[in-house]
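Raw data18.csv, CSV, C-alpha atoms:
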chain,number,residue,atom,x,y,z
A,1,MET,CA,-10.3,10.5,12.6
A,2,ALA,CA,-9.2,13.8,14.3
A,3,GLY,CA,-10.8,17.1,13.6
A,4,ALA,CA,-10.8,19.0,10.3
A,5,THR,CA,-8.7,22.0,9.3
A,6,ILE,CA,-10.3,24.6,7.1
A,7,GLY,CA,-8.1,26.6,4.8
A,8,TYR,CA,-4.7,27.3,6.4
A,9,GLY,CA,-5.9,26.8,9.9
A,10,GLY,CA,-5.0,29.2,12.7
A,11,ALA,CA,-2.2,31.6,13.5
A,12,ARG,CA,0.7,31.8,11.0
A,13,ARG,CA,4.3,32.7,11.4
A,14,ALA,CA,6.9,33.5,8.7
A,15,VAL,CA,9.9,31.3,7.9
A,16,ARG,CA,12.9,31.5,5.6
A,17,VAL,CA,11.8,28.9,3.1
A,18,PHE,CA,15.2,27.9,1.9
A,19,ASP,CA,16.5,27.2,5.5
A,20,HIS,CA,14.0,24.3,5.4
A,21,ASP,CA,14.5,23.3,1.8
A,22,PRO,CA,18.0,24.4,0.6
A,23,ASP,CA,17.9,22.1,-2.3
A,24,LEU,CA,15.7,24.7,-4.1
A,25,LEU,CA,18.8,26.9,-4.2
A,26,ARG,CA,21.2,24.4,-5.8
A,27,GLY,CA,21.3,26.2,-9.2
A,28,LEU,CA,22.6,29.4,-7.6
A,29,GLU,CA,26.1,30.7,-7.0
A,30,GLN,CA,26.9,31.0,-3.3
A,31,HIS,CA,26.4,34.8,-3.1
A,32,GLU,CA,23.1,34.5,-5.0
A,33,ALA,CA,21.9,31.8,-2.7
A,34,ALA,CA,22.6,33.9,0.3
A,35,GLU,CA,20.5,36.7,-1.1
A,36,ALA,CA,17.7,34.4,-2.1
A,37,LEU,CA,17.8,32.9,1.3
A,38,ALA,CA,17.2,36.3,2.9
A,39,HIS,CA,14.4,37.2,0.5
A,40,GLY,CA,12.6,33.9,0.4
A,41,VAL,CA,10.3,34.4,3.4
A,42,ALA,CA,6.9,32.9,3.5
A,43,ALA,CA,4.1,32.4,6.0
A,44,VAL,CA,3.5,28.9,7.1
A,45,ALA,CA,0.3,27.0,7.8
A,46,ARG,CA,0.2,24.4,10.5
A,47,LEU,CA,-2.2,21.6,9.9
A,48,GLU,CA,-3.2,19.1,12.6
A,49,LYS,CA,-4.1,15.5,12.0
A,50,GLY,CA,-7.5,14.9,10.3
A,51,GLU,CA,-9.4,16.1,7.3
A,52,TRP,CA,-8.1,19.1,5.5
A,53,HIS,CA,-10.4,21.4,3.4
A,54,PRO,CA,-7.9,23.6,1.6
A,55,PRO,CA,-8.7,27.0,0.3
A,56,ALA,CA,-10.7,27.1,-2.9
A,57,ARG,CA,-9.5,28.7,-6.1
A,58,GLY,CA,-12.7,30.7,-6.4
A,59,GLY,CA,-12.1,32.6,-3.2
A,60,GLY,CA,-9.3,34.7,-4.7
A,61,GLU,CA,-7.1,34.0,-1.7
A,62,VAL,CA,-4.8,31.9,-3.8
A,63,ALA,CA,-4.5,34.1,-6.9
A,64,GLY,CA,-0.9,34.0,-8.1
A,65,HIS,CA,0.3,31.5,-5.6
A,66,PRO,CA,2.9,29.1,-7.0
A,67,GLY,CA,1.8,26.6,-4.4
A,68,LEU,CA,2.3,25.2,-0.9
A,69,LEU,CA,5.6,23.7,0.0
A,70,VAL,CA,5.5,20.9,2.5
A,71,ILE,CA,8.2,21.5,5.1
A,72,GLU,CA,7.3,18.7,7.4
A,73,GLY,CA,4.6,16.2,8.1
A,74,GLN,CA,2.6,13.8,5.9
A,75,LEU,CA,-0.6,14.3,3.9
A,76,ALA,CA,-2.7,12.0,1.7
A,77,ARG,CA,-4.7,13.1,-1.3
A,78,ASP,CA,-7.3,10.4,-1.9
A,79,THR,CA,-9.0,10.2,-5.2
A,80,THR,CA,-12.2,8.3,-5.4
A,81,VAL,CA,-14.0,7.0,-8.5
A,82,ALA,CA,-17.2,5.3,-7.6
A,83,LEU,CA,-16.4,3.6,-4.3
A,84,ALA,CA,-12.7,2.8,-5.1
A,85,PRO,CA,-10.3,5.2,-3.5
A,86,THR,CA,-6.6,5.5,-4.3
A,87,SER,CA,-4.1,7.6,-2.5
A,88,GLU,CA,-1.1,9.8,-3.1
A,89,LEU,CA,1.2,10.3,-0.2
A,90,LEU,CA,2.8,13.7,0.2
A,91,GLY,CA,5.6,14.9,2.5
A,92,ALA,CA,8.5,17.2,2.9
A,93,GLY,CA,9.6,18.8,-0.3
A,94,ASP,CA,6.3,18.3,-2.2
A,95,LEU,CA,4.7,21.2,-3.8
A,96,LEU,CA,0.9,21.3,-3.6
A,97,ARG,CA,-1.8,23.3,-5.4
A,98,PRO,CA,-4.8,21.9,-3.6
A,99,TRP,CA,-7.2,24.6,-4.9
A,100,GLN,CA,-6.8,23.0,-8.4
A,101,ASP,CA,-9.8,20.7,-8.5
A,102,GLU,CA,-10.4,19.3,-12.0
A,103,SER,CA,-13.2,17.1,-10.7
A,104,GLU,CA,-15.5,20.2,-10.8
A,105,VAL,CA,-15.6,20.1,-14.5
A,106,ALA,CA,-15.3,16.3,-15.1
A,107,SER,CA,-17.8,14.5,-17.4
A,108,LEU,CA,-18.0,11.6,-14.9
A,109,PRO,CA,-17.9,12.2,-11.2
A,110,TRP,CA,-14.9,11.7,-9.1
A,111,ARG,CA,-13.6,13.5,-6.1
A,112,SER,CA,-10.5,14.2,-4.1
A,113,ASP,CA,-10.1,14.5,-0.4
A,114,TRP,CA,-7.2,15.6,1.7
A,115,GLU,CA,-6.2,14.1,5.0
A,116,VAL,CA,-3.3,15.2,7.3
A,117,LEU,CA,-1.7,11.9,8.5
A,118,GLN,CA,1.0,13.6,10.6
A,119,PRO,CA,0.9,17.2,11.7
A,120,ALA,CA,2.2,19.2,8.8
A,121,THR,CA,3.8,22.5,8.2
A,122,LEU,CA,3.3,24.1,4.8
A,123,ALA,CA,5.1,27.2,3.5
A,124,ILE,CA,2.6,29.4,1.6
A,125,LEU,CA,4.4,30.3,-1.5
A,126,ASP,CA,2.2,33.2,-2.5
A,127,ALA,CA,2.4,36.0,-5.1
A,128,ARG,CA,4.5,38.1,-2.8
A,129,PHE,CA,7.0,35.2,-2.3
A,130,ALA,CA,7.1,34.7,-6.1
A,131,ARG,CA,8.0,38.4,-6.7
A,132,ALA,CA,10.6,38.3,-3.9
A,133,VAL,CA,12.5,35.4,-5.5
A,134,SER,CA,11.8,36.4,-9.1
A,135,PRO,CA,15.5,37.5,-9.7
A,136,TRP,CA,16.5,33.8,-9.5
A,137,PRO,CA,14.7,31.8,-12.2
A,138,SER,CA,16.4,28.6,-11.2
A,139,ILE,CA,14.2,28.6,-8.0
A,140,PHE,CA,11.1,28.3,-10.3
A,141,ALA,CA,12.9,25.7,-12.3
A,142,ALA,CA,13.5,23.8,-9.0
A,143,LEU,CA,9.8,24.1,-8.1
A,144,MET,CA,8.7,22.9,-11.5
A,145,GLU,CA,11.1,20.0,-11.0
A,146,ARG,CA,9.2,19.2,-7.8
A,147,MET,CA,5.9,19.1,-9.7
A,148,THR,CA,7.4,16.8,-12.3
A,149,GLU,CA,8.7,14.6,-9.6
A,150,ARG,CA,5.2,14.2,-8.2
A,151,GLN,CA,4.0,13.1,-11.7
A,152,ARG,CA,6.9,10.6,-11.9
A,153,TRP,CA,6.2,9.2,-8.4
A,154,LEU,CA,2.5,8.8,-9.3
A,155,ALA,CA,3.5,7.0,-12.5
A,156,LEU,CA,5.7,4.7,-10.5
A,157,GLN,CA,2.9,4.1,-8.1
A,158,LEU,CA,0.6,3.2,-11.0
A,159,ALA,CA,3.3,0.7,-12.1
A,160,ILE,CA,3.6,-0.7,-8.6
A,161,GLY,CA,-0.2,-1.3,-8.6
A,162,HIS,CA,0.2,-3.5,-11.6
A,163,LEU,CA,2.6,-5.9,-9.9
A,164,ARG,CA,0.6,-9.1,-9.3
A,165,ARG,CA,1.6,-9.8,-5.7
A,166,VAL,CA,0.7,-7.5,-2.9
A,167,ASP,CA,3.9,-8.2,-1.0
A,168,ALA,CA,5.9,-7.1,-4.0
A,169,ARG,CA,3.8,-4.0,-4.3
A,170,LEU,CA,4.4,-3.1,-0.7
A,171,LEU,CA,8.1,-3.8,-0.8
A,172,VAL,CA,8.6,-1.6,-3.9
A,173,LEU,CA,6.4,1.1,-2.5
A,174,LEU,CA,8.2,1.2,0.9
A,175,TRP,CA,11.7,1.2,-0.8
A,176,HIS,CA,10.5,4.0,-3.0
A,177,LEU,CA,9.2,5.9,0.1
A,178,GLY,CA,12.6,5.2,1.7
A,179,ASP,CA,14.3,6.8,-1.2
A,180,ARG,CA,12.3,9.9,-0.6
A,181,TRP,CA,12.1,10.2,3.1
A,182,GLY,CA,14.2,7.5,4.6
A,183,THR,CA,17.6,7.6,6.3
A,184,VAL,CA,20.3,5.1,5.7
A,185,HIS,CA,21.6,3.1,8.6
A,186,ALA,CA,23.8,0.1,9.0
A,187,ASP,CA,20.9,-2.3,9.2
A,188,GLY,CA,18.9,-0.8,6.4
A,189,VAL,CA,16.7,2.2,5.5
A,190,HIS,CA,14.7,3.7,8.3
A,191,LEU,CA,11.4,5.1,7.1
A,192,PRO,CA,9.8,7.5,9.6
A,193,ILE,CA,6.3,7.2,8.1
A,194,ARG,CA,3.3,6.0,10.1
A,195,LEU,CA,0.6,4.6,7.9
A,196,THR,CA,-2.4,2.4,8.7
A,197,HIS,CA,-2.8,-0.8,6.7
A,198,ALA,CA,-5.9,0.9,5.1
A,199,HIS,CA,-3.7,3.7,3.9
A,200,LEU,CA,-1.1,1.3,2.5
A,201,ALA,CA,-3.9,-0.6,0.8
A,202,ARG,CA,-5.0,2.6,-1.0
A,203,LEU,CA,-1.4,3.3,-2.1
A,204,VAL,CA,-0.9,-0.1,-3.7
A,205,GLY,CA,-4.4,-0.8,-4.9
A,206,ALA,CA,-5.1,-3.8,-2.6
A,207,GLN,CA,-7.6,-4.9,0.0
A,208,ARG,CA,-6.7,-3.9,3.5
A,209,PRO,CA,-6.6,-7.5,4.9
A,210,SER,CA,-4.3,-8.5,2.0
A,211,VAL,CA,-1.9,-5.8,3.2
A,212,THR,CA,-1.9,-7.1,6.7
A,213,LEU,CA,-1.3,-10.6,5.4
A,214,ALA,CA,1.5,-9.5,3.1
A,215,LEU,CA,3.2,-7.4,5.8
A,216,THR,CA,3.2,-10.3,8.1
A,217,GLN,CA,4.9,-12.5,5.4
A,218,LEU,CA,7.4,-9.8,4.6
A,219,THR,CA,8.3,-9.4,8.3
A,220,GLU,CA,8.7,-13.2,8.7
A,221,ALA,CA,10.8,-13.3,5.6
A,222,GLY,CA,13.2,-10.7,7.0
A,223,ARG,CA,12.5,-8.1,4.4
A,224,LEU,CA,11.4,-5.5,6.9
A,225,ARG,CA,10.8,-4.9,10.6
A,226,ARG,CA,9.2,-2.3,12.7
A,227,GLY,CA,11.4,0.4,14.2
A,228,THR,CA,10.5,2.5,17.2
A,229,GLY,CA,7.3,4.6,17.2
A,230,GLY,CA,5.7,2.9,14.3
A,231,THR,CA,8.4,3.5,11.8
A,232,TRP,CA,9.6,0.9,9.2
A,233,VAL,CA,13.0,-0.5,8.8
A,234,LEU,CA,13.7,-1.8,5.3
A,235,LEU,CA,16.3,-4.5,5.7
A,236,ARG,CA,19.2,-4.8,3.3
A,237,PRO,CA,19.8,-5.9,0.7
A,238,ALA,CA,17.2,-4.1,-1.4
A,239,PRO,CA,15.1,-6.5,-3.3
A,240,ASP,CA,16.0,-7.2,-7.0
A,241,LEU,CA,13.3,-7.4,-9.5
A,242,ALA,CA,13.6,-11.2,-9.9
A,243,SER,CA,13.1,-11.7,-6.2
A,244,LEU,CA,10.0,-9.6,-6.2
A,245,LEU,CA,8.4,-12.2,-8.4
A,246,ARG,CA,9.2,-15.0,-6.0
A,247,LYS,CA,7.5,-15.6,-2.7
A,248,PRO,CA,8.9,-13.7,0.3
A,249,GLY,CA,9.2,-16.4,2.8
A,250,GLY,CA,10.8,-19.3,0.9
A,251,SER,CA,8.9,-22.1,-0.7
A,252,HIS,CA,7.2,-24.7,1.5
A,253,ARG,CA,4.3,-27.0,1.3
A,254,ASP,CA,1.6,-26.9,3.9
A,255,ASP,CA,0.9,-30.3,5.4
A,256,GLY,CA,-2.6,-29.4,6.4
A,257,ALA,CA,-1.5,-29.2,10.0
A,258,ALA,CA,-2.1,-25.5,10.4
A,259,GLY,CA,-5.5,-24.1,11.1
A,260,ASP,CA,-8.4,-26.0,12.8
B,1,MET,CA,12.0,-59.7,-14.8
B,2,GLU,CA,10.1,-56.5,-14.0
B,3,ALA,CA,10.1,-53.8,-16.6
B,4,THR,CA,11.5,-50.5,-15.7
B,5,GLU,CA,9.3,-47.6,-16.6
B,6,THR,CA,10.7,-44.2,-17.1
B,7,MET,CA,8.3,-41.5,-16.1
B,8,GLY,CA,8.4,-38.2,-18.0
B,9,PRO,CA,6.4,-35.1,-17.1
B,10,ARG,CA,2.7,-35.6,-17.1
B,11,VAL,CA,1.2,-33.6,-19.8
B,12,THR,CA,-2.1,-32.3,-18.6
B,13,ASP,CA,-4.9,-29.9,-19.1
B,14,LEU,CA,-5.5,-27.4,-16.3
B,15,VAL,CA,-9.2,-27.1,-15.8
B,16,ARG,CA,-9.5,-24.4,-13.2
B,17,VAL,CA,-7.8,-23.0,-10.2
B,18,GLY,CA,-9.3,-21.4,-7.1
B,19,ALA,CA,-9.8,-21.7,-3.4
B,20,VAL,CA,-12.2,-23.1,-1.0
B,21,ALA,CA,-12.8,-20.6,1.8
B,22,ARG,CA,-13.5,-22.1,5.2
B,23,LEU,CA,-14.6,-20.5,8.4
B,24,VAL,CA,-11.9,-21.2,11.0
B,25,GLY,CA,-13.0,-22.6,14.4
B,26,VAL,CA,-12.7,-20.9,17.7
B,27,THR,CA,-9.1,-21.7,18.3
B,28,GLY,CA,-8.2,-20.7,14.8
B,29,ALA,CA,-10.1,-17.5,15.2
B,30,GLN,CA,-8.2,-16.7,18.4
B,31,ASP,CA,-4.9,-17.4,16.7
B,32,GLN,CA,-5.9,-15.2,13.8
B,33,VAL,CA,-6.9,-12.3,16.1
B,34,ARG,CA,-3.6,-12.7,17.9
B,35,ALA,CA,-1.8,-12.7,14.6
B,36,LEU,CA,-3.6,-9.5,13.6
B,37,ARG,CA,-2.6,-7.8,16.8
B,38,GLU,CA,1.0,-8.9,16.2
B,39,ALA,CA,1.0,-7.7,12.7
B,40,VAL,CA,0.5,-4.1,13.7
B,41,ASP,CA,2.8,-1.8,15.5
B,42,HIS,CA,1.9,-0.7,19.0
B,43,SER,CA,2.0,3.0,18.3
B,44,PRO,CA,-0.8,5.0,16.6
B,45,PRO,CA,-2.3,5.0,14.1
B,46,GLU,CA,-1.9,1.2,13.5
B,47,ARG,CA,-2.8,0.3,17.1
B,48,GLU,CA,-6.0,2.2,16.8
B,49,GLU,CA,-6.7,0.6,13.4
B,50,ALA,CA,-6.1,-2.9,14.9
B,51,GLU,CA,-8.4,-2.2,17.9
B,52,GLU,CA,-11.1,-1.1,15.6
B,53,LEU,CA,-10.7,-4.2,13.5
B,54,VAL,CA,-10.8,-6.5,16.5
B,55,ALA,CA,-13.9,-4.7,17.8
B,56,ASP,CA,-15.5,-5.1,14.4
B,57,TYR,CA,-14.6,-8.8,14.5
B,58,GLU,CA,-16.3,-9.1,17.9
B,59,ARG,CA,-19.4,-7.4,16.5
B,60,GLY,CA,-19.4,-10.0,13.7
B,61,ARG,CA,-18.4,-7.7,10.9
B,62,TRP,CA,-15.3,-9.7,10.0
B,63,LEU,CA,-14.9,-13.5,9.8
B,64,PRO,CA,-11.5,-15.3,10.0
B,65,VAL,CA,-11.1,-17.5,7.0
B,66,ARG,CA,-8.7,-20.1,5.8
B,67,LEU,CA,-8.2,-20.6,2.1
B,68,GLU,CA,-7.4,-23.9,0.6
B,69,LEU,CA,-6.0,-23.4,-2.8
B,70,PHE,CA,-6.7,-25.9,-5.5
B,71,ALA,CA,-6.0,-26.8,-9.1
B,72,ASP,CA,-8.2,-29.1,-11.0
B,73,LEU,CA,-6.3,-31.0,-13.7
B,74,VAL,CA,-7.1,-33.7,-16.2
B,75,GLY,CA,-4.7,-36.5,-15.4
B,76,ASP,CA,-3.4,-39.4,-17.5
B,77,GLU,CA,-6.6,-41.4,-17.4
B,78,GLY,CA,-8.8,-38.5,-18.4
B,79,ARG,CA,-10.2,-37.9,-15.0
B,80,VAL,CA,-10.2,-34.5,-13.3
B,81,GLU,CA,-8.0,-34.6,-10.2
B,82,ARG,CA,-8.0,-31.9,-7.5
B,83,PHE,CA,-4.7,-30.9,-5.9
B,84,ASP,CA,-5.3,-28.7,-2.8
B,85,SER,CA,-2.2,-29.0,-0.6
B,86,ILE,CA,-1.6,-25.3,-0.1
B,87,HIS,CA,-3.4,-23.3,2.5
B,88,VAL,CA,-3.4,-19.6,3.3
B,89,GLU,CA,-4.1,-18.5,6.9
B,90,GLY,CA,-4.8,-15.0,8.1
B,91,VAL,CA,-7.6,-14.2,5.6
B,92,TRP,CA,-10.5,-12.0,6.7
B,93,PHE,CA,-13.9,-11.7,5.0
B,94,ALA,CA,-16.2,-8.8,5.6
B,95,VAL,CA,-19.8,-9.4,6.5
B,96,PRO,CA,-21.9,-9.3,4.3
B,97,HIS,CA,-20.0,-11.0,1.6
B,98,ASP,CA,-19.1,-8.7,-1.3
B,99,ALA,CA,-16.7,-8.3,-4.2
B,100,ASN,CA,-13.9,-7.0,-1.9
B,101,ASN,CA,-13.8,-10.4,-0.2
B,102,VAL,CA,-13.3,-12.1,-3.6
B,103,ARG,CA,-10.5,-9.6,-4.4
B,104,HIS,CA,-8.9,-10.2,-1.1
B,105,ALA,CA,-9.1,-14.0,-1.6
B,106,ARG,CA,-7.5,-13.6,-5.0
B,107,GLU,CA,-4.7,-11.4,-3.6
B,108,ALA,CA,-4.1,-13.8,-0.8
B,109,ALA,CA,-4.0,-16.7,-3.2
B,110,ASP,CA,-1.6,-14.9,-5.5
B,111,GLN,CA,0.9,-15.1,-2.6
B,112,ARG,CA,0.9,-18.9,-2.7
B,113,PHE,CA,0.3,-19.9,-6.3
B,114,GLU,CA,3.9,-20.5,-6.8
B,115,ALA,CA,4.0,-23.0,-3.9
B,116,LEU,CA,1.0,-24.8,-5.5
B,117,GLN,CA,2.8,-24.8,-8.9
B,118,GLU,CA,5.9,-26.3,-7.3
B,119,HIS,CA,3.8,-29.0,-5.6
B,120,LEU,CA,2.2,-29.9,-9.0
B,121,VAL,CA,5.6,-30.1,-10.6
B,122,GLN,CA,6.7,-32.4,-7.7
B,123,GLU,CA,3.7,-34.5,-8.5
B,124,GLY,CA,5.0,-34.9,-12.0
B,125,PHE,CA,2.8,-32.4,-13.8
B,126,GLU,CA,4.2,-30.1,-16.4
B,127,ILE,CA,3.0,-26.7,-15.1
B,128,ALA,CA,5.0,-23.6,-15.9
B,129,PRO,CA,5.6,-20.8,-13.4
B,130,GLY,CA,2.8,-18.3,-13.9
B,131,GLN,CA,0.5,-20.7,-15.6
B,132,LEU,CA,-1.9,-21.1,-12.6
B,133,GLU,CA,-2.2,-17.4,-12.0
B,134,ALA,CA,-3.2,-16.9,-15.6
B,135,LEU,CA,-6.4,-18.8,-15.2
B,136,PRO,CA,-9.7,-17.4,-14.0
B,137,PHE,CA,-10.0,-17.8,-10.2
B,138,VAL,CA,-12.9,-19.6,-8.6
B,139,LEU,CA,-13.8,-19.0,-5.0
B,140,ASP,CA,-16.0,-21.5,-3.2
B,141,LEU,CA,-17.4,-20.9,0.3
B,142,ASP,CA,-17.9,-23.9,2.5
B,143,ASP,CA,-21.3,-24.3,4.1
B,144,ARG,CA,-20.3,-23.0,7.5
B,145,LEU,CA,-18.8,-19.9,6.1
B,146,SER,CA,-21.8,-19.4,3.7
B,147,GLU,CA,-24.2,-19.6,6.5
B,148,ALA,CA,-22.2,-17.2,8.7
B,149,ILE,CA,-21.5,-14.7,6.1
B,150,GLU,CA,-25.0,-14.6,4.5
B,151,GLY,CA,-26.9,-15.2,7.7
B,152,ASN,CA,-26.1,-11.8,9.2
Encoded form using structure tokens:
Amino acid sequence: MAGATIGYGGARRAVRVFDHDPDLLRGLEQHEAAEALAHGVAAVARLEKGEWHPPARGGGEVAGHPGLLVIEGQLARDTTVALAPTSELLGAGDLLRPWQDESEVASLPWRSDWEVLQPATLAILDARFARAVSPWPSIFAALMERMTERQRWLALQLAIGHLRRVDARLLVLLWHLGDRWGTVHADGVHLPIRLTHAHLARLVGAQRPSVTLALTQLTEAGRLRRGTGGTWVLLRPAPDLASLLRKPGGSHRDDGAAGD
Amino acid sequence: MEATETMGPRVTDLVRVGAVARLVGVTGAQDQVRALREAVDHSPPEREEAEELVADYERGRWLPVRLELFADLVGDEGRVERFDSIHVEGVWFAVPHDANNVRHAREAADQRFEALQEHLVQEGFEIAPGQLEALPFVLDLDDRLSEAIEGN
């Protein structure tokens, strides 16, 4: 793994947040949006690949911060109970409050760890930013919506983990990620996300070798293929629920010829 | 004149389902390593992950395994018959053997239970879709694999 980033990392610059995430202004009239755009300035943190140790709540640095808005990049928040980790994948548009760590007061131990999977840029929505955009409550509603979306995505991820077959879990997960961060092309949805099989295993609650096996089967079955630079291409048509319960590569009987 | 017998579905009891895990030979292992390399993209981070896995395999931390799924059923004459026509290639067991290997075997088997069920139906057994998966899963290691995985 690459190095670790402590807090917000090194030098910061300021950006107009809504240039990067105009969807947050969708509840505003055009003239209001223009004004909010000018006022909604925030410092950004640049996180390199590797472990991330975000600022702690106790330090006071984050008092009054609504959160950190991911502008670009990918992060994973791993939650570990005993030795079994599970993961949440975060990317552009997600709002984070990494200083909130409920594990500190948990009756039974668990922990969360952050990892930057692809270099990430986070807008630091601090108290000053909150005051600057306070004339437009719909912006806060939009931010609350982002938090709710995270809860919903996690609930969906839980449901995916209950699908019996690992190939079905992966297919639903990748289409779900495609809905969030993919782009639609003639041949399917291109998903610019680079994940190891170990990461995918944590996302769907499976063993790493099972993910490798299932991805091979899905590729052979024409459900997906690799794009350039490690991206995924989810081939149309999107799977229907019934097909997810069937095998990906068509039914055939082994004759015992394979193997040794 | 010979009597014509009409065969209906064979009503049977499922005794157990599971898999025999076998250590693949040198050729099979080479095939499996090649398949592992082909399963990953050639850009980071997957390439790095694959290289690490292959290095671990070369150090003896992973063993390439083939699963032979089986279903034991009580047939017409009350004898237990084993049906094991379905194989799963591309399975990897960590050394030393642990619960994650068993989970992996179960997940790999889940990908092929439907094929086993279809085979049993072709053999005349009345086995409904999903019936095999509902049973507890038994994993047996063959002697070579047991020796290799426990002997380290």
For this session: Using only C-alpha atoms, find the one residue out of A:His197, A:His53, A:His65, A:Arg16 that sits nearest to chain B.
Result: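 Once distances to chain B are computed over only C-alpha atoms, the minimum belongs to A:His197.
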For this session: Find, counting all atoms listed in the file, the residue in A:Arg236, A:Arg180, A:Arg194, A:Arg223 that gets nearest to Ala168 in chain A.
Result: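 Nearest to Ala168 in chain A: A:Arg223.
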Exercise. Which residues come within 10 Å of Pro44 in chain B, counting only C-alpha atoms, excluding same-chain residues fewer than 3 positions away, as a list in words?
Worked result: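 Neighbouring residues, sequence-local ones excluded: Arg194, Leu195, Thr196, Gly229 and Gly230 of chain A; Val40, Asp41, Arg47, Glu48, Glu49 and Ala50 of chain B.
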Put those residues in a file: C-alpha atoms, as a short mmCIF file (atom, residue, chain, number, x, y, z; two decimals), keeping the file's coordinate frame.
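Listed below is the output, out-v5.cif:
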data_model
loop_
_atom_site.label_atom_id
_atom_site.label_comp_id
_atom_site.auth_asym_id
_atom_site.auth_seq_id
_atom_site.Cartn_x
_atom_site.Cartn_y
_atom_site.Cartn_z
CA ARG A 194 3.30 6.00 10.10
CA LEU A 195 0.60 4.60 7.90
CA THR A 196 -2.40 2.40 8.70
CA GLY A 229 7.30 4.60 17.20
CA GLY A 230 5.70 2.90 14.30
CA VAL B 40 0.50 -4.10 13.70
CA ASP B 41 2.80 -1.80 15.50
CA ARG B 47 -2.80 0.30 17.10
CA GLU B 48 -6.00 2.20 16.80
CA GLU B 49 -6.70 0.60 13.40
CA ALA B 50 -6.10 -2.90 14.90
#
Seminar exercise, completed: One residue among B:Asp143, B:Asp98, B:Glu58, B:Glu114 is nearest to Pro129 in chain B when using only C-alpha atoms, and that residue is B:Glu114
For this session: Could you give me, as number ranges by chain, the residues within 6 Å of Ala43 in chain A, counting only C-alpha atoms and dropping anything in the same chain fewer than 4 positions from it?
Result: A: 13-14, 123-124
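CA of Leu235 in chain A is found 7.1 Å from CA of Gly222 in chain A.
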Got a sec: who's within 10 Å of Ala128 in chain B, counting all atoms listed in the file, leaving out chain neighbours fewer than 3 positions off, as an mmCIF file with C-alpha atoms, in the frame of the given file?
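out_17.cif, freshly written:
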data_model
loop_
_atom_site.group_PDB
_atom_site.id
_atom_site.type_symbol
_atom_site.label_atom_id
_atom_site.label_comp_id
_atom_site.auth_asym_id
_atom_site.auth_seq_id
_atom_site.Cartn_x
_atom_site.Cartn_y
_atom_site.Cartn_z
ATOM 1 C CA GLU B 114 3.900 -20.500 -6.800
ATOM 2 C CA GLN B 117 2.800 -24.800 -8.900
ATOM 3 C CA GLU B 118 5.900 -26.300 -7.300
ATOM 4 C CA LEU B 120 2.200 -29.900 -9.000
ATOM 5 C CA VAL B 121 5.600 -30.100 -10.600
ATOM 6 C CA PHE B 125 2.800 -32.400 -13.800
ATOM 7 C CA GLN B 131 0.500 -20.700 -15.600
ATOM 8 C CA LEU B 132 -1.900 -21.100 -12.600
#
For this session: Could you list the residues in chain B lying within 10 Å of chain A, using all atoms listed in the file, and format the result as an NGL selection string?
Result: :B and (22-29 or 31-32 or 35-36 or 38-50 or 65-66 or 68 or 84-94 or 100-116 or 118-119 or 130 or 133)
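Residues of protein, DNA or RNA having at least one counted atom within 6 Å of (-8.8, -30.5, -16.7), given all atoms listed in the file, are Asp13, Leu14, Val15, Asp72, Leu73, Val74 and Val80 of chain B.
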For this session: Extract, using all atoms listed in the file, all DNA, RNA and protein residues at most 7 Å from Gly73 in chain A, discarding same-chain residues fewer than 3 positions from it, and format them as a list in words.
Result: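 These residues fall inside the cut-off: Gly91, Ala92, Gln118, Pro119, Ala120 and Thr121 of chain A.
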Exercise. What is the CA of Leu28 in chain A to CA of Leu177 in chain A distance in Å?
Worked result: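 Straight-line distance from CA of Leu28 in chain A to CA of Leu177 in chain A works out to 28.1 Å.
From CA of Ala134 in chain B back to CA of Gly18 in chain B, the distance works out to 11.4 Å.
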For this session: For the point (9.7, 24.0, -10.6) in the file's frame, write as a PyMOL selection string all residues with an atom no more than 12 Å away, counting only C-alpha atoms.
Result: chain A and resi 23-25+27+66-67+69+93-96+130+136-150
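Nearest residue to Thr80 in chain A among A:Pro54, A:Gly205, A:Phe18, A:Gly40 is A:Gly205, counting all atoms listed in the file.
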